[in-house]
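Next comes model.cif, a file with mmCIF, C-alpha atoms (C1' of nucleotides).
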```cif
data_query
loop_
_atom_site.label_atom_id
_atom_site.label_comp_id
_atom_site.auth_asym_id
_atom_site.auth_seq_id
_atom_site.Cartn_x
_atom_site.Cartn_y
_atom_site.Cartn_z
CA MET A 1 -3.30 16.42 -65.39
CA VAL A 2 -0.73 17.56 -62.88
CA GLN A 3 -0.17 21.11 -61.71
CA LEU A 4 3.45 22.04 -61.16
CA VAL A 5 4.47 24.35 -58.30
CA HIS A 6 4.02 28.06 -58.97
CA PRO A 7 4.40 31.19 -56.85
CA ALA A 8 1.21 32.77 -55.59
CA THR A 9 0.24 35.94 -57.39
CA GLU A 10 1.23 38.14 -54.47
CA ASP A 11 4.65 36.52 -54.35
CA ILE A 12 5.56 37.49 -57.91
CA SER A 13 8.39 40.01 -57.72
CA LEU A 14 9.14 42.81 -60.14
CA ALA A 15 12.84 41.96 -60.17
CA GLY A 16 11.98 38.36 -60.94
CA VAL A 17 9.71 39.29 -63.82
CA LEU A 18 12.26 41.68 -65.29
CA ALA A 19 15.09 39.19 -64.87
CA ALA A 20 13.03 36.49 -66.52
CA LEU A 21 12.16 38.71 -69.47
CA SER A 22 15.61 40.22 -69.79
CA ASP A 23 16.77 37.10 -71.58
CA PRO A 24 15.93 37.48 -75.28
CA MET A 25 15.09 33.82 -75.62
CA ARG A 26 12.62 33.88 -72.73
CA LEU A 27 11.08 37.09 -74.00
CA ARG A 28 10.53 35.40 -77.35
CA ILE A 29 9.04 32.37 -75.65
CA VAL A 30 6.54 34.48 -73.70
CA LYS A 31 5.64 36.43 -76.80
CA ALA A 32 5.12 33.23 -78.74
CA LEU A 33 3.02 31.76 -75.96
CA LEU A 34 0.74 34.78 -76.02
CA GLU A 35 0.41 34.87 -79.76
CA GLN A 36 -0.87 31.35 -79.97
CA ALA A 37 -3.34 31.49 -77.17
CA ASP A 38 -3.21 27.76 -77.17
CA CYS A 39 -0.48 25.93 -75.34
CA VAL A 40 3.04 25.39 -76.45
CA SER A 41 4.93 22.30 -75.58
CA MET A 42 8.25 22.72 -73.93
CA SER A 43 10.05 21.69 -77.07
CA CYS A 44 8.73 24.81 -78.73
CA THR A 45 7.84 22.88 -81.82
CA ALA A 46 4.68 24.92 -82.06
CA ALA A 47 6.03 28.33 -81.20
CA ALA A 48 9.49 27.51 -82.47
CA PRO A 49 11.19 30.60 -81.13
CA CYS A 50 14.15 28.49 -80.15
CA PRO A 51 15.50 26.48 -83.04
CA ALA A 52 18.94 25.25 -82.03
CA MET A 53 18.71 25.17 -78.30
CA ALA A 54 19.61 22.28 -76.05
CA LYS A 55 16.70 20.56 -74.36
CA SER A 56 18.23 21.10 -70.95
CA THR A 57 18.71 24.81 -71.57
CA LEU A 58 15.14 25.18 -72.77
CA SER A 59 13.90 23.25 -69.77
CA ASN A 60 15.85 25.65 -67.60
CA HIS A 61 14.30 28.69 -69.32
CA PHE A 62 10.82 27.37 -68.67
CA ARG A 63 11.73 26.72 -65.07
CA VAL A 64 12.88 30.34 -64.71
CA LEU A 65 9.66 31.59 -66.29
CA ARG A 66 7.63 29.34 -64.02
CA GLU A 67 9.46 30.33 -60.85
CA ALA A 68 9.19 34.00 -61.74
CA GLY A 69 5.45 33.53 -62.01
CA LEU A 70 5.27 34.27 -65.72
CA VAL A 71 3.90 30.98 -66.91
CA ARG A 72 1.80 28.21 -65.46
CA THR A 73 2.83 24.72 -66.44
CA THR A 74 0.53 21.77 -66.37
CA LYS A 75 1.66 18.29 -67.16
CA LYS A 76 -0.70 16.50 -69.49
CA GLY A 77 0.48 13.00 -70.11
CA VAL A 78 3.91 13.13 -71.55
CA GLU A 79 4.03 16.77 -72.47
CA HIS A 80 3.89 20.05 -70.64
CA ARG A 81 1.49 22.83 -71.38
CA ASN A 82 2.63 26.37 -70.66
CA VAL A 83 0.30 29.32 -70.36
CA VAL A 84 1.25 32.89 -69.59
CA ARG A 85 -0.31 34.03 -66.31
CA GLU A 86 -1.71 37.17 -67.88
CA ALA A 87 -4.46 37.76 -65.35
CA ASP A 88 -2.23 37.12 -62.35
CA LEU A 89 0.48 39.37 -63.71
CA ASP A 90 -1.98 42.11 -64.44
CA ALA A 91 -3.37 41.85 -60.95
CA ARG A 92 0.09 42.09 -59.43
CA PHE A 93 1.62 44.64 -61.82
CA PRO A 94 -1.14 46.31 -63.84
CA GLY A 95 -0.12 47.05 -67.40
CA LEU A 96 3.45 45.90 -67.02
CA LEU A 97 3.45 42.79 -69.18
CA LYS A 98 1.55 44.49 -71.97
CA SER A 99 3.90 47.44 -71.85
CA ILE A 100 6.98 45.26 -72.11
CA LEU A 101 5.63 42.99 -74.81
CA ALA A 102 4.47 45.93 -76.86
CA HIS A 103 8.13 46.65 -77.52
CA ALA A 104 9.33 43.08 -78.02
CA GLU A 105 10.86 42.00 -81.32
CA MET B 1 32.53 69.06 -68.50
CA VAL B 2 33.11 65.78 -70.30
CA GLN B 3 30.44 63.60 -71.87
CA LEU B 4 30.99 59.90 -71.49
CA VAL B 5 30.12 57.49 -74.29
CA HIS B 6 26.46 56.53 -74.54
CA PRO B 7 24.43 54.50 -77.02
CA ALA B 8 22.32 56.45 -79.48
CA THR B 9 18.63 56.39 -78.69
CA GLU B 10 17.87 54.03 -81.57
CA ASP B 11 20.51 51.62 -80.32
CA ILE B 12 18.88 51.12 -76.93
CA SER B 13 17.63 47.54 -76.77
CA LEU B 14 14.68 46.21 -74.83
CA ALA B 15 16.68 43.27 -73.52
CA GLY B 16 19.39 45.65 -72.36
CA VAL B 17 16.93 47.87 -70.53
CA LEU B 18 15.22 44.91 -68.87
CA ALA B 19 18.52 43.33 -67.91
CA ALA B 20 19.73 46.60 -66.45
CA LEU B 21 16.58 47.06 -64.41
CA SER B 22 16.29 43.44 -63.37
CA ASP B 23 18.94 44.04 -60.73
CA PRO B 24 17.18 45.37 -57.62
CA MET B 25 20.06 47.68 -56.81
CA ARG B 26 20.06 49.26 -60.26
CA LEU B 27 16.30 49.60 -60.18
CA ARG B 28 16.61 51.45 -56.89
CA ILE B 29 19.32 53.66 -58.32
CA VAL B 30 17.19 54.65 -61.29
CA LYS B 31 14.21 55.28 -59.05
CA ALA B 32 16.34 57.44 -56.77
CA LEU B 33 17.78 59.36 -59.70
CA LEU B 34 14.29 60.18 -60.93
CA GLU B 35 12.97 61.19 -57.53
CA GLN B 36 15.63 63.80 -57.06
CA ALA B 37 15.49 65.37 -60.46
CA ASP B 38 18.92 66.74 -59.79
CA CYS B 39 22.02 64.65 -60.29
CA VAL B 40 23.38 62.04 -58.02
CA SER B 41 27.04 61.42 -57.62
CA MET B 42 28.25 57.92 -58.17
CA SER B 43 28.80 57.39 -54.49
CA CYS B 44 25.06 57.62 -54.02
CA THR B 45 25.58 59.84 -51.04
CA ALA B 46 22.64 61.86 -52.24
CA ALA B 47 20.34 59.07 -53.30
CA ALA B 48 21.86 56.61 -50.87
CA PRO B 49 20.03 53.59 -52.19
CA CYS B 50 23.19 51.58 -51.79
CA PRO B 51 24.59 51.76 -48.28
CA ALA B 52 27.12 48.98 -47.95
CA MET B 53 28.22 48.49 -51.52
CA ALA B 54 31.79 48.42 -52.75
CA LYS B 55 32.83 51.38 -54.86
CA SER B 56 33.86 49.12 -57.68
CA THR B 57 30.51 47.32 -57.67
CA LEU B 58 28.65 50.60 -57.74
CA SER B 59 30.86 51.82 -60.55
CA ASN B 60 30.00 48.68 -62.43
CA HIS B 61 26.27 49.19 -61.90
CA PHE B 62 26.48 52.70 -63.31
CA ARG B 63 28.44 51.40 -66.28
CA VAL B 64 25.70 48.84 -66.96
CA LEU B 65 23.02 51.53 -66.70
CA ARG B 66 25.02 53.78 -68.99
CA GLU B 67 25.71 51.12 -71.60
CA ALA B 68 22.08 50.05 -71.57
CA GLY B 69 21.14 53.65 -72.36
CA LEU B 70 19.31 54.25 -69.10
CA VAL B 71 21.44 57.05 -67.75
CA ARG B 72 23.64 59.74 -69.19
CA THR B 73 26.83 60.44 -67.29
CA THR B 74 28.74 63.67 -67.45
CA LYS B 75 31.99 64.20 -65.70
CA LYS B 76 32.15 67.52 -63.88
CA GLY B 77 35.51 67.96 -62.29
CA VAL B 78 36.11 65.13 -59.93
CA GLU B 79 32.60 63.79 -59.75
CA HIS B 80 30.14 62.25 -62.12
CA ARG B 81 26.62 63.40 -62.69
CA ASN B 82 24.06 60.82 -63.72
CA VAL B 83 20.71 61.63 -65.28
CA VAL B 84 18.05 59.18 -66.40
CA ARG B 85 17.49 59.47 -70.17
CA GLU B 86 13.75 59.74 -69.75
CA ALA B 87 13.04 61.44 -73.05
CA ASP B 88 15.26 59.10 -75.05
CA LEU B 89 13.76 56.06 -73.41
CA ASP B 90 10.27 57.30 -74.00
CA ALA B 91 11.07 57.92 -77.64
CA ARG B 92 12.46 54.44 -78.05
CA PHE B 93 10.00 52.51 -75.87
CA PRO B 94 6.98 54.72 -75.15
CA GLY B 95 5.59 54.21 -71.67
CA LEU B 96 7.95 51.42 -70.72
CA LEU B 97 10.08 53.12 -68.10
CA LYS B 98 7.10 54.68 -66.39
CA SER B 99 5.28 51.36 -66.40
CA ILE B 100 8.19 49.56 -64.80
CA LEU B 101 8.95 52.22 -62.22
CA ALA B 102 5.32 52.46 -61.25
CA HIS B 103 5.73 49.05 -59.69
CA ALA B 104 9.15 49.51 -58.14
CA GLU B 105 9.60 49.24 -54.39
"C1'" DT C 1 6.73 -5.59 -72.42
"C1'" DC C 2 9.14 -2.53 -75.35
"C1'" DA C 3 10.22 1.50 -78.08
"C1'" DA C 4 9.47 6.33 -78.58
"C1'" DT C 5 8.69 10.83 -76.80
"C1'" DA C 6 9.00 14.80 -73.45
"C1'" DG C 7 11.37 16.72 -69.76
"C1'" DT C 8 14.39 16.75 -65.70
"C1'" DC C 9 18.66 16.12 -63.23
"C1'" DC C 10 23.63 16.05 -62.83
"C1'" DC C 11 27.99 17.53 -63.90
"C1'" DA C 12 31.84 19.96 -66.18
"C1'" DT C 13 32.83 24.17 -68.52
"C1'" DA C 14 32.17 28.98 -69.50
"C1'" DT C 15 30.58 33.31 -68.36
"C1'" DT C 16 29.33 36.97 -65.17
"C1'" DT C 17 29.30 39.34 -60.67
"C1'" DC C 18 31.34 41.04 -56.53
"C1'" DC C 19 34.72 43.21 -53.93
"C1'" DG C 20 39.40 44.59 -52.28
"C1'" DA C 21 43.40 46.88 -53.72
"C1'" DA C 22 46.05 49.50 -56.70
"C1'" DC C 23 45.74 53.11 -60.02
"C1'" DT C 24 44.20 57.68 -62.42
"C1'" DA C 25 42.29 62.25 -62.59
"C1'" DT C 26 40.81 66.54 -60.63
"C1'" DT C 27 40.61 69.90 -57.06
"C1'" DG C 28 42.04 72.81 -53.36
"C1'" DA C 29 45.33 74.14 -50.00
"C1'" DA C 30 50.05 75.17 -48.39
"C1'" DT D 1 54.50 73.81 -57.61
"C1'" DT D 2 53.80 70.07 -54.69
"C1'" DC D 3 50.93 67.41 -51.74
"C1'" DA D 4 46.79 65.48 -49.74
"C1'" DA D 5 42.02 64.40 -50.40
"C1'" DT D 6 38.19 62.97 -53.14
"C1'" DA D 7 35.79 60.35 -56.91
"C1'" DG D 8 35.87 56.70 -60.04
"C1'" DT D 9 38.06 53.12 -62.90
"C1'" DT D 10 40.62 49.01 -63.66
"C1'" DC D 11 42.56 44.63 -62.40
"C1'" DG D 12 42.46 40.05 -60.50
"C1'" DG D 13 40.72 36.29 -57.93
"C1'" DA D 14 36.78 34.11 -55.59
"C1'" DA D 15 31.88 33.13 -55.75
"C1'" DA D 16 27.65 32.65 -58.20
"C1'" DT D 17 25.14 31.59 -62.40
"C1'" DA D 18 24.23 29.89 -67.23
"C1'" DT D 19 24.97 26.46 -70.82
"C1'" DG D 20 24.59 22.05 -72.87
"C1'" DG D 21 25.73 16.96 -73.21
"C1'" DG D 22 24.37 12.72 -71.43
"C1'" DA D 23 22.03 9.77 -68.31
"C1'" DC D 24 17.73 9.27 -66.07
"C1'" DT D 25 12.38 9.23 -65.29
"C1'" DA D 26 7.62 9.13 -66.66
"C1'" DT D 27 3.97 8.46 -69.88
"C1'" DT D 28 1.97 6.73 -73.99
"C1'" DG D 29 1.00 3.65 -77.75
"C1'" DA D 30 2.08 -0.44 -80.29
#
```
As C-alpha cells, what does this structure read like?
Amino acid sequence: MVQLVHPATEDISLAGVLAALSDPMRLRIVKALLEQADCVSMSCTAAAPCPAMAKSTLSNHFRVLREAGLVRTTKKGVEHRNVVREADLDARFPGLLKSILAHAE
Amino acid sequence: MVQLVHPATEDISLAGVLAALSDPMRLRIVKALLEQADCVSMSCTAAAPCPAMAKSTLSNHFRVLREAGLVRTTKKGVEHRNVVREADLDARFPGLLKSILAHAE
DNA sequence: TCAATAGTCCCATATTTCCGAACTATTGAA
DNA sequence: TTCAATAGTTCGGAAATATGGGACTATTGA
C-alpha cells in the first residue's frame, strides 16, 4: 500500500481548492467520492460520474484534485483508492467544502 | 446610467462562480468590492488590488465576474461602477459567497 | 512467463489567458 | 463646436494550459 505525494494541510490554498472544484467534472468526482464513503477507483467505474472520458484526462483530473489537497490517493496493488480529505479541508477552511458541495448538481 | 447585460439570478451557475473566484486576482477584486461597500471603478484605483495589471486584462477579469453573475456593472458617464450581487448570490447559493470569502487572503 | 488491468507519461492539437496597441464613448474645457 | 483627457473595450499574437490518443510501467492472477 503506497501513499502518493500530497500537500500538507497547511499548504492547501483556497485558490487551488476553488480552481480544482471549478471544473464540473472534478466537482462531480468529489461529490461522488463523498457519497460512497468507500473508495472509488480512478476509472470511476464505481462512481461513474465520467462516462466517456479519456483515461489520460481522468488521470489528470485526479492529479489536480490530489495536488490541490482535495483527495488522498493510495495505491493498493493495481488500483488507486481516492478519499476526500474532509477533515484536513475542514481544518484548513472550516465549512468551505460542505458549503460548496451543498450546492453541487 | 446604463445597465450592462447580466445573467438572471437563476442562471448563475456554481461552476461559473467557482471558476470566477478561483483566480486569485478576481477573488481579491470581489473582496475589495465588498470591503468598500461603495463602488469601485474598473481601474481599481479605489480598491487597488491590482497594481501592475494591464487595462485589458483587468477589463477581462471584470467581464468574467459579470458573466458569472458575481458583480453588476453600471456605466455612469465615463466610468463603470461594479457592485457584488450579494443578495442574488445568496438567493441562488445560500451562504456560499460568505463561506468562500471568509477564507480569502 | 504471459495476458489483463489500472494508471501515468509524452506529444500534438485545441482552447484560454495575458498584454500591448488601436479604437470607442463620455466629459469638460477652450 | 472642437479638442484633449479619461475609462473601457476590442483585436491580435504570444504564452500557458487542457484534452485525448497511444505508448509505456507496474501489479496481479492464471
| query | Which residue gives the smallest distance to chain C among B:Val83, B:Ala52, B:Leu101, B:Leu65, with only C-alpha atoms (C1' of nucleotides) counted? | reply |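 Among the listed residues, B:Ala52 lies closest to chain C.
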| query | Which residue, A:Arg92, A:Lys98, A:Arg85, A:His80, has the smallest gap to chain C when you use only C-alpha atoms (C1' of nucleotides)? | reply |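 So, comparing all the options, the nearest one is A:His80.
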| task | Please write as a ChimeraX atom specification the full residue list that the PyMOL selection byres ((chain D) within 9 of (chain A)) yields on this file. | result | /D:18-21,26-28
| query | Can you list, as a count of residues only, the residues that the PyMOL selection byres ((chain B) within 10 of (chain A)) selects here? | reply | 28
| field | Nearest to Pro7 (chain B), chosen from B:Arg26, B:His61, B:Arg72, B:Lys31, with only C-alpha atoms counted in the distances | value |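 Among the listed residues, B:Arg72 lies closest to Pro7 (chain B).
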| said: Using all atoms listed in the file for the distances, tell me which of B:Ile12, B:Val5, B:Val64, B:Ile29 is nearest to chain C. | reply: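 Smallest distance to chain C is found for B:Val64.
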| Resolved residues for the PyMOL selection byres ((chain C) within 7 of (chain B)) as a list in words | DC18, DC19 and DT26 of chain C
| Residues at most 12 Å from DA16 (chain D), counting only C-alpha atoms (C1' of nucleotides), excluding those fewer than 5 positions away in the same chain, as a VMD selection string? | chain C and resid 15 to 18
| Contact residues around DA5 (chain D) with only C-alpha atoms (C1' of nucleotides) at 12 Å, ignoring same-chain residues under 2 positions, as a list in words | Val78 of chain B; DT26, DT27, DG28 and DA29 of chain C; DC3 and DA7 of chain D
Saved selection, atoms kept: C-alpha atoms (C1' of nucleotides), as a PDB file, keeping the file's coordinate frame:
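Printed below is result.pdb as written:
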```
ATOM      1  CA  VAL B  78      36.110  65.130 -59.930  1.00  0.00           C
TER       2      VAL B  78
ATOM      3  C1'  DT C  26      40.810  66.540 -60.630  1.00  0.00           C
ATOM      4  C1'  DT C  27      40.610  69.900 -57.060  1.00  0.00           C
ATOM      5  C1'  DG C  28      42.040  72.810 -53.360  1.00  0.00           C
ATOM      6  C1'  DA C  29      45.330  74.140 -50.000  1.00  0.00           C
TER       7       DA C  29
ATOM      8  C1'  DC D   3      50.930  67.410 -51.740  1.00  0.00           C
ATOM      9  C1'  DA D   7      35.790  60.350 -56.910  1.00  0.00           C
TER      10       DA D   7
END
```
| So how many Å separate CA of Ser59 (chain A) and C1' of DG7 (chain C), to one decimal? |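 Spanning CA of Ser59 (chain A) to C1' of DG7 (chain C) is a straight-line distance of 7.0 Å.
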| field | C1' of DC11 (chain C) to CA of Thr74 (chain A), straight-line distance in Å | value |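 Interatomic distance here is 27.9 Å.
Note that the spacing between CA of Lys75 (chain B) and CA of Val2 (chain B) amounts to 5.0 Å.
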Enclosing box along x, y and z for every listed atom of region 6-11 of chain C, padded 5 Å each side, centre and size in Å, one decimal, as AutoDock Vina command-line options:
```
--center_x 18.5 --center_y 16.2 --center_z -68.1 --size_x 29.0 --size_y 12.7 --size_z 20.6
```
Quick one: region 71-96 of chain B with N, CA and C atoms, as a short mmCIF file (atom, residue, chain, number, x, y, z; two decimals), keeping the file's coordinate frame?
```cif
data_model
loop_
_atom_site.label_atom_id
_atom_site.label_comp_id
_atom_site.auth_asym_id
_atom_site.auth_seq_id
_atom_site.Cartn_x
_atom_site.Cartn_y
_atom_site.Cartn_z
N VAL B 71 21.01 55.77 -68.32
CA VAL B 71 21.44 57.05 -67.75
C VAL B 71 22.51 57.69 -68.62
N ARG B 72 22.60 59.00 -68.50
CA ARG B 72 23.64 59.74 -69.19
C ARG B 72 24.58 60.27 -68.11
N THR B 73 25.86 60.03 -68.29
CA THR B 73 26.83 60.44 -67.29
C THR B 73 27.72 61.55 -67.83
N THR B 74 27.81 62.61 -67.07
CA THR B 74 28.74 63.67 -67.45
C THR B 74 29.72 63.84 -66.30
N LYS B 75 30.94 64.07 -66.69
CA LYS B 75 31.99 64.20 -65.70
C LYS B 75 32.22 65.68 -65.46
N LYS B 76 31.99 66.10 -64.23
CA LYS B 76 32.15 67.52 -63.88
C LYS B 76 33.22 67.59 -62.82
N GLY B 77 34.43 67.93 -63.25
CA GLY B 77 35.51 67.96 -62.29
C GLY B 77 35.77 66.57 -61.79
N VAL B 78 35.74 66.42 -60.49
CA VAL B 78 36.11 65.13 -59.93
C VAL B 78 34.92 64.18 -59.80
N GLU B 79 33.72 64.72 -59.91
CA GLU B 79 32.60 63.79 -59.75
C GLU B 79 31.75 63.62 -60.99
N HIS B 80 30.98 62.58 -60.98
CA HIS B 80 30.14 62.25 -62.12
C HIS B 80 28.70 62.59 -61.81
N ARG B 81 28.01 63.03 -62.85
CA ARG B 81 26.62 63.40 -62.69
C ARG B 81 25.80 62.47 -63.56
N ASN B 82 24.86 61.79 -62.97
CA ASN B 82 24.06 60.82 -63.72
C ASN B 82 22.61 61.28 -63.83
N VAL B 83 22.09 61.24 -65.05
CA VAL B 83 20.71 61.63 -65.28
C VAL B 83 20.02 60.54 -66.07
N VAL B 84 18.81 60.19 -65.66
CA VAL B 84 18.05 59.18 -66.40
C VAL B 84 17.65 59.76 -67.75
N ARG B 85 17.82 59.00 -68.81
CA ARG B 85 17.49 59.47 -70.17
C ARG B 85 16.01 59.27 -70.44
N GLU B 86 15.20 59.91 -69.64
CA GLU B 86 13.75 59.74 -69.75
C GLU B 86 13.21 59.97 -71.15
N ALA B 87 13.59 61.10 -71.73
CA ALA B 87 13.04 61.44 -73.05
C ALA B 87 13.48 60.43 -74.10
N ASP B 88 14.76 60.07 -74.07
CA ASP B 88 15.26 59.10 -75.05
C ASP B 88 14.55 57.77 -74.91
N LEU B 89 14.40 57.34 -73.66
CA LEU B 89 13.76 56.06 -73.41
C LEU B 89 12.30 56.07 -73.85
N ASP B 90 11.67 57.22 -73.62
CA ASP B 90 10.27 57.30 -74.00
C ASP B 90 10.10 57.37 -75.51
N ALA B 91 11.12 57.89 -76.19
CA ALA B 91 11.07 57.92 -77.64
C ALA B 91 11.26 56.51 -78.20
N ARG B 92 12.13 55.78 -77.56
CA ARG B 92 12.46 54.44 -78.05
C ARG B 92 11.39 53.43 -77.65
N PHE B 93 11.00 53.46 -76.38
CA PHE B 93 10.00 52.51 -75.87
C PHE B 93 8.93 53.26 -75.10
N PRO B 94 7.98 53.86 -75.80
CA PRO B 94 6.98 54.72 -75.15
C PRO B 94 6.29 54.04 -73.97
N GLY B 95 6.33 54.70 -72.84
CA GLY B 95 5.59 54.21 -71.67
C GLY B 95 6.29 53.15 -70.85
N LEU B 96 7.33 52.56 -71.40
CA LEU B 96 7.95 51.42 -70.72
C LEU B 96 8.55 51.77 -69.36
#
```
